[in-house]
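Take a look at the structure below.
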Amino acid sequence: MDKRIKVSDDLRRKIAKAFGVTETTVRNALRYDAKKGQTETAVKIRMMAVQNGGVPTVSLPECECIHDEVKGLMVQTFNNGAVLTIDKHTGDAEVKDAKGVVRMRKEKISVPQIHVLQEYAAAF
């Protein structure tokens with residue numbers, strides 16, 4: 001997953017000046033860089049960016065998602081062949097690899113848990 005905040009060049013310069021840092025430091029903060037974008041200053045930079053029109057974005061692997069209303073299922077097929085199936089009535093979910101082997105089962109999942117299963121399925 002690629003998470004970042006998109007800003008104009010002018011806003012990036014404005015933020016750098018406001019915090020007394022380089023534009024590279026601002027870029028690291030806005031890209032949530034694992035090493036240089038996790039400081040207290042980076043958090044403040046991201047806050048200022050969003051408050052001034054920066055757009056938070058997330059890039060996830062593409063997958064096909066089918067909602068089968070007759071069976072009450074949501075089925076996602078990933079580029080690697082993995083399949084995530086969620087029963088809309090029970091909340092039960094399972095992830096199968098490209099060979100059809102069940103790699104994970106969860107019961108009564110909630111909506112916030114779906115992205116964890118999606119990331120797991122996409123990682124095979």
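Naming scheme: A, B, ... for chains in displayed order of the structure tokens; residues 1 onward per chain; ligands 1 onward as shown.
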Tyr32 (chain A) surroundings by only C-alpha atoms, 8 Å radius, close-in-sequence under 5 positions cut, as a PDB file with N, CA, C and O atoms, in the first residue's frame:
```pdb
ATOM      1  N   LYS A   3       0.840   5.122   0.626  1.00  0.00           N
ATOM      2  CA  LYS A   3       0.066   6.192   1.245  1.00  0.00           C
ATOM      3  C   LYS A   3       0.858   7.487   1.141  1.00  0.00           C
ATOM      4  O   LYS A   3       2.059   7.512   1.436  1.00  0.00           O
ATOM      5  N   ARG A   4       0.200   8.577   0.714  1.00  0.00           N
ATOM      6  CA  ARG A   4       0.877   9.869   0.619  1.00  0.00           C
ATOM      7  C   ARG A   4      -0.134  11.006   0.606  1.00  0.00           C
ATOM      8  O   ARG A   4      -1.330  10.765   0.463  1.00  0.00           O
ATOM      9  N   GLY A  37       9.989   9.832   7.741  1.00  0.00           N
ATOM     10  CA  GLY A  37       8.674  10.464   7.744  1.00  0.00           C
ATOM     11  C   GLY A  37       7.820  10.119   8.946  1.00  0.00           C
ATOM     12  O   GLY A  37       6.599  10.229   8.897  1.00  0.00           O
ATOM     13  N   GLN A  38       8.444   9.694  10.051  1.00  0.00           N
ATOM     14  CA  GLN A  38       7.678   9.264  11.224  1.00  0.00           C
ATOM     15  C   GLN A  38       7.963  10.118  12.460  1.00  0.00           C
ATOM     16  O   GLN A  38       7.647   9.717  13.568  1.00  0.00           O
TER      17      GLN A  38
END
```
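All residues of protein, DNA or RNA that reach within 9 Å of region 45-56 of chain A, judged by only C-alpha atoms and not counting those fewer than 3 positions away in the chain, are Lys3, Arg4, Ile5, Lys6, Val7, Ser8, Leu11, Arg12, Ile15, Ala16, Phe19, Val26, Ala29, Leu30, Tyr32, Glu40, Thr41 and Ala42 of chain A.
Proximity ranking of A:Lys88, A:Lys99, A:Lys71, A:Lys44 relative to Ile114 (chain A) places A:Lys88 first, based on only C-alpha atoms.
Shell of Met74 (chain A) at 12 Å, with only C-alpha atoms counted and residues fewer than 3 places along the chain excluded, is Glu64, Cys65, Ile66, His67, Asp68, Glu69, Val70, Lys71, Thr77, Val83, Leu84, Thr85, Ile86, Asp87, Lys88, His89, Thr90, Gly91, Asp92, Ala93, Glu94, Val95 and Ile114 of chain A.
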Any chance you could export the current selection's N, CA and C atoms as a PDB file, in the first residue's frame?
```pdb
ATOM      1  N   GLU A  64     -10.530  -7.475  -8.739  1.00  0.00           N
ATOM      2  CA  GLU A  64     -11.923  -7.485  -9.159  1.00  0.00           C
ATOM      3  C   GLU A  64     -12.795  -7.810  -7.944  1.00  0.00           C
ATOM      4  N   CYS A  65     -13.904  -7.096  -7.802  1.00  0.00           N
ATOM      5  CA  CYS A  65     -14.805  -7.340  -6.672  1.00  0.00           C
ATOM      6  C   CYS A  65     -16.220  -7.554  -7.199  1.00  0.00           C
ATOM      7  N   ILE A  66     -16.774  -8.717  -6.883  1.00  0.00           N
ATOM      8  CA  ILE A  66     -18.131  -9.069  -7.306  1.00  0.00           C
ATOM      9  C   ILE A  66     -19.013  -9.181  -6.064  1.00  0.00           C
ATOM     10  N   HIS A  67     -20.163  -8.537  -6.114  1.00  0.00           N
ATOM     11  CA  HIS A  67     -21.153  -8.661  -5.037  1.00  0.00           C
ATOM     12  C   HIS A  67     -22.283  -9.537  -5.565  1.00  0.00           C
ATOM     13  N   ASP A  68     -22.331 -10.762  -5.086  1.00  0.00           N
ATOM     14  CA  ASP A  68     -23.357 -11.720  -5.492  1.00  0.00           C
ATOM     15  C   ASP A  68     -24.508 -11.598  -4.499  1.00  0.00           C
ATOM     16  N   GLU A  69     -25.523 -10.867  -4.889  1.00  0.00           N
ATOM     17  CA  GLU A  69     -26.657 -10.614  -3.987  1.00  0.00           C
ATOM     18  C   GLU A  69     -27.511 -11.862  -3.763  1.00  0.00           C
ATOM     19  N   VAL A  70     -27.534 -12.760  -4.725  1.00  0.00           N
ATOM     20  CA  VAL A  70     -28.318 -13.994  -4.574  1.00  0.00           C
ATOM     21  C   VAL A  70     -27.718 -14.874  -3.488  1.00  0.00           C
ATOM     22  N   LYS A  71     -26.395 -15.059  -3.526  1.00  0.00           N
ATOM     23  CA  LYS A  71     -25.710 -15.891  -2.532  1.00  0.00           C
ATOM     24  C   LYS A  71     -25.293 -15.101  -1.300  1.00  0.00           C
ATOM     25  N   THR A  77     -11.104 -11.126  -6.452  1.00  0.00           N
ATOM     26  CA  THR A  77     -10.054 -11.909  -7.084  1.00  0.00           C
ATOM     27  C   THR A  77      -8.873 -10.987  -7.346  1.00  0.00           C
ATOM     28  N   VAL A  83      -8.110 -15.365  -3.797  1.00  0.00           N
ATOM     29  CA  VAL A  83      -9.525 -15.011  -3.771  1.00  0.00           C
ATOM     30  C   VAL A  83      -9.951 -14.799  -2.315  1.00  0.00           C
ATOM     31  N   LEU A  84     -10.566 -13.639  -2.065  1.00  0.00           N
ATOM     32  CA  LEU A  84     -11.140 -13.324  -0.750  1.00  0.00           C
ATOM     33  C   LEU A  84     -12.647 -13.414  -0.890  1.00  0.00           C
ATOM     34  N   THR A  85     -13.276 -14.247  -0.057  1.00  0.00           N
ATOM     35  CA  THR A  85     -14.731 -14.401  -0.079  1.00  0.00           C
ATOM     36  C   THR A  85     -15.274 -14.034   1.294  1.00  0.00           C
ATOM     37  N   ILE A  86     -16.271 -13.142   1.305  1.00  0.00           N
ATOM     38  CA  ILE A  86     -16.904 -12.724   2.560  1.00  0.00           C
ATOM     39  C   ILE A  86     -18.402 -12.966   2.447  1.00  0.00           C
ATOM     40  N   ASP A  87     -18.932 -13.683   3.415  1.00  0.00           N
ATOM     41  CA  ASP A  87     -20.374 -13.926   3.494  1.00  0.00           C
ATOM     42  C   ASP A  87     -21.005 -12.697   4.144  1.00  0.00           C
ATOM     43  N   LYS A  88     -21.854 -11.999   3.405  1.00  0.00           N
ATOM     44  CA  LYS A  88     -22.451 -10.754   3.903  1.00  0.00           C
ATOM     45  C   LYS A  88     -23.434 -10.991   5.052  1.00  0.00           C
ATOM     46  N   HIS A  89     -23.978 -12.181   5.146  1.00  0.00           N
ATOM     47  CA  HIS A  89     -24.958 -12.472   6.193  1.00  0.00           C
ATOM     48  C   HIS A  89     -24.302 -12.839   7.515  1.00  0.00           C
ATOM     49  N   THR A  90     -23.217 -13.600   7.451  1.00  0.00           N
ATOM     50  CA  THR A  90     -22.578 -14.078   8.680  1.00  0.00           C
ATOM     51  C   THR A  90     -21.325 -13.282   9.052  1.00  0.00           C
ATOM     52  N   GLY A  91     -20.728 -12.622   8.040  1.00  0.00           N
ATOM     53  CA  GLY A  91     -19.466 -11.920   8.291  1.00  0.00           C
ATOM     54  C   GLY A  91     -18.259 -12.833   8.246  1.00  0.00           C
ATOM     55  N   ASP A  92     -18.469 -14.096   7.895  1.00  0.00           N
ATOM     56  CA  ASP A  92     -17.354 -15.043   7.808  1.00  0.00           C
ATOM     57  C   ASP A  92     -16.573 -14.794   6.515  1.00  0.00           C
ATOM     58  N   ALA A  93     -15.246 -14.939   6.607  1.00  0.00           N
ATOM     59  CA  ALA A  93     -14.388 -14.663   5.460  1.00  0.00           C
ATOM     60  C   ALA A  93     -13.333 -15.742   5.329  1.00  0.00           C
ATOM     61  N   GLU A  94     -12.900 -15.960   4.085  1.00  0.00           N
ATOM     62  CA  GLU A  94     -11.780 -16.855   3.862  1.00  0.00           C
ATOM     63  C   GLU A  94     -10.954 -16.352   2.686  1.00  0.00           C
ATOM     64  N   VAL A  95      -9.667 -16.615   2.782  1.00  0.00           N
ATOM     65  CA  VAL A  95      -8.728 -16.265   1.720  1.00  0.00           C
ATOM     66  C   VAL A  95      -8.151 -17.562   1.184  1.00  0.00           C
ATOM     67  N   ILE A 114     -11.610  -5.726   6.842  1.00  0.00           N
ATOM     68  CA  ILE A 114     -11.542  -6.187   5.452  1.00  0.00           C
ATOM     69  C   ILE A 114     -10.194  -5.844   4.831  1.00  0.00           C
TER      70      ILE A 114
END
```
(Q) as a PyMOL selection string, please: the residues near Tyr120 (chain A) (cut-off 12 Å, only C-alpha atoms, same-chain neighbours under 2 positions excluded). (A) chain A and resi 1+61+78+80+82-84+94-97+103-105+113-118+122-124
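Put simply, CA of Asp2 (chain A) is 11.4 Å away from CA of Ala34 (chain A).
The space between CA of Glu23 (chain A) and CA of Val43 (chain A) spans 15.1 Å.
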Q.
Among region 52-109 of chain A, which residues does DSSP mark as strand (DSSP E) when it is run on the backbone? Keep the chain and numbering as in the structure and answer as a ChimeraX atom specification.
A. /A:55-59,63-68,73-78,83-87,93-96,102-106
